[in-house]
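Colleague: One structure follows; several queries about it will come next.
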Amino acid sequence: MSKTTFVVGLDGSEAGARALAFAKDRAKAVGDCTIVICYVIEWSPFSFQTPEENEKRHQRREQEIAMARERVLDPALERAATEGFDVVGIVRHGDAADILESLARERGAKQIIIGRVGTRGLKSRIFGGVAGRLVATASVPVTIIP
């Protein structure tokens, strides 16, 4: 029997923390399970800038990855590992719905778990949030935690 994998979207919000708690409960029930925790930094590749601006953008991108790891991902990984869970942490730039779906496919995940309300705000209310887009396009079941 192969190991079950869950992909969890973590963004530093309370809803994200509840999504991870739910994934841990599911992992306990399943047994042999890996939880892939992913922090996505929204980042559009569609930007027309000068070479100098692109260099600054690359530096800012690396700083954001380090900050996401330090403030959100690493503490969550450490706590989960201390609790006995098999966890993997990933930080990526891009569209959260696309990245979580892609990770689920890459890892053969059985489920994607996310919080209903993240840290995004007005833009997601106007153009549609990660949860709505993910539910519409995911190849595996998506659980949205309130």
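Every chain in the structure tokens has a letter given in the order shown (A, B, ...), and although residue numbers restart at 1 in each chain, ligands are simply numbered from 1 in the order shown.
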List the neighbours of Val8 in chain A out to 9 Å using only C-alpha atoms; skip same-chain residues closer than 3 positions along the sequence, and give me the result as an mmCIF file with N, CA and C atoms, in the first residue's frame.

Modeller:
```cif
data_model
loop_
_atom_site.group_PDB
_atom_site.id
_atom_site.type_symbol
_atom_site.label_atom_id
_atom_site.label_comp_id
_atom_site.auth_asym_id
_atom_site.auth_seq_id
_atom_site.Cartn_x
_atom_site.Cartn_y
_atom_site.Cartn_z
ATOM 1 N N GLY A 16 -5.503 29.245 7.478
ATOM 2 C CA GLY A 16 -4.433 28.346 7.055
ATOM 3 C C GLY A 16 -3.997 27.424 8.181
ATOM 4 N N ALA A 19 -6.507 24.773 8.511
ATOM 5 C CA ALA A 19 -6.362 23.797 7.422
ATOM 6 C C ALA A 19 -5.268 22.793 7.766
ATOM 7 N N LEU A 20 -4.153 23.274 8.301
ATOM 8 C CA LEU A 20 -3.069 22.368 8.688
ATOM 9 C C LEU A 20 -3.502 21.467 9.835
ATOM 10 N N ALA A 23 -5.560 18.761 8.378
ATOM 11 C CA ALA A 23 -4.706 17.795 7.669
ATOM 12 C C ALA A 23 -4.021 16.850 8.659
ATOM 13 N N ILE A 35 2.351 15.022 4.713
ATOM 14 C CA ILE A 35 1.674 16.299 4.539
ATOM 15 C C ILE A 35 2.656 17.241 3.839
ATOM 16 N N VAL A 36 2.281 17.688 2.648
ATOM 17 C CA VAL A 36 3.090 18.647 1.898
ATOM 18 C C VAL A 36 2.499 20.026 2.181
ATOM 19 N N ILE A 37 3.262 20.845 2.903
ATOM 20 C CA ILE A 37 2.805 22.176 3.272
ATOM 21 C C ILE A 37 3.419 23.168 2.290
ATOM 22 N N CYS A 38 2.565 23.941 1.648
ATOM 23 C CA CYS A 38 3.044 24.865 0.625
ATOM 24 C C CYS A 38 2.623 26.294 0.935
ATOM 25 N N TYR A 39 3.578 27.181 0.922
ATOM 26 C CA TYR A 39 3.338 28.617 1.046
ATOM 27 C C TYR A 39 3.560 29.214 -0.337
ATOM 28 N N LEU A 100 -0.887 24.835 -6.144
ATOM 29 C CA LEU A 100 -1.394 23.760 -5.293
ATOM 30 C C LEU A 100 -1.876 22.579 -6.131
ATOM 31 N N GLN A 111 -5.670 14.649 -1.680
ATOM 32 C CA GLN A 111 -6.532 15.743 -1.282
ATOM 33 C C GLN A 111 -5.713 17.028 -1.146
ATOM 34 N N ILE A 112 -6.363 18.165 -1.433
ATOM 35 C CA ILE A 112 -5.793 19.484 -1.190
ATOM 36 C C ILE A 112 -6.635 20.115 -0.086
ATOM 37 N N ILE A 113 -5.968 20.688 0.905
ATOM 38 C CA ILE A 113 -6.670 21.281 2.039
ATOM 39 C C ILE A 113 -6.218 22.730 2.173
ATOM 40 N N ILE A 114 -7.193 23.644 2.189
ATOM 41 C CA ILE A 114 -6.875 25.069 2.299
ATOM 42 C C ILE A 114 -7.859 25.739 3.245
ATOM 43 N N GLY A 115 -7.489 26.916 3.726
ATOM 44 C CA GLY A 115 -8.407 27.735 4.500
ATOM 45 C C GLY A 115 -9.308 28.525 3.572
#
```

Colleague: Which residues, written as a list in words, have at least one atom at most 12 Å from Ile65 in chain A, with only C-alpha atoms counted and residues fewer than 6 positions away on the same chain left out?

Modeller: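 The neighbour list is Cys38, Tyr39, Val40, Ile41, Glu42, Trp43, His58, Gln59, Arg71, Val72, Leu73, Asp74, Gly89, Ile90, Val91, Arg92, His93 and Gly94 of chain A.
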
Colleague: Tell me, in Å to one decimal, how far CA of Asp11 in chain A is from CA of Ala68 in chain A.

Modeller: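 Separation between CA of Asp11 in chain A and CA of Ala68 in chain A: 8.7 Å.
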
Colleague: Between CA of Thr34 in chain A and CA of Val87 in chain A, what is the spacing in Å?

Modeller: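 About the pair CA of Val87 in chain A and CA of Thr34 in chain A: they are 5.6 Å apart.
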
Colleague: If you count only C-alpha atoms, which residues fall within 12 Å of Lys24 in chain A, apart from same-chain ones fewer than 6 positions away, as a PyMOL selection string?

Modeller: chain A and resi 5-8+17-18+30-37+76-77+79-81+83-87+113

Colleague: From chain A, collect each residue whose DSSP state is helix (DSSP H, G or I) and return the set as a VMD selection string.

Modeller: chain A and resid 14 to 30 51 to 82 96 to 107 122 to 127 130 to 137
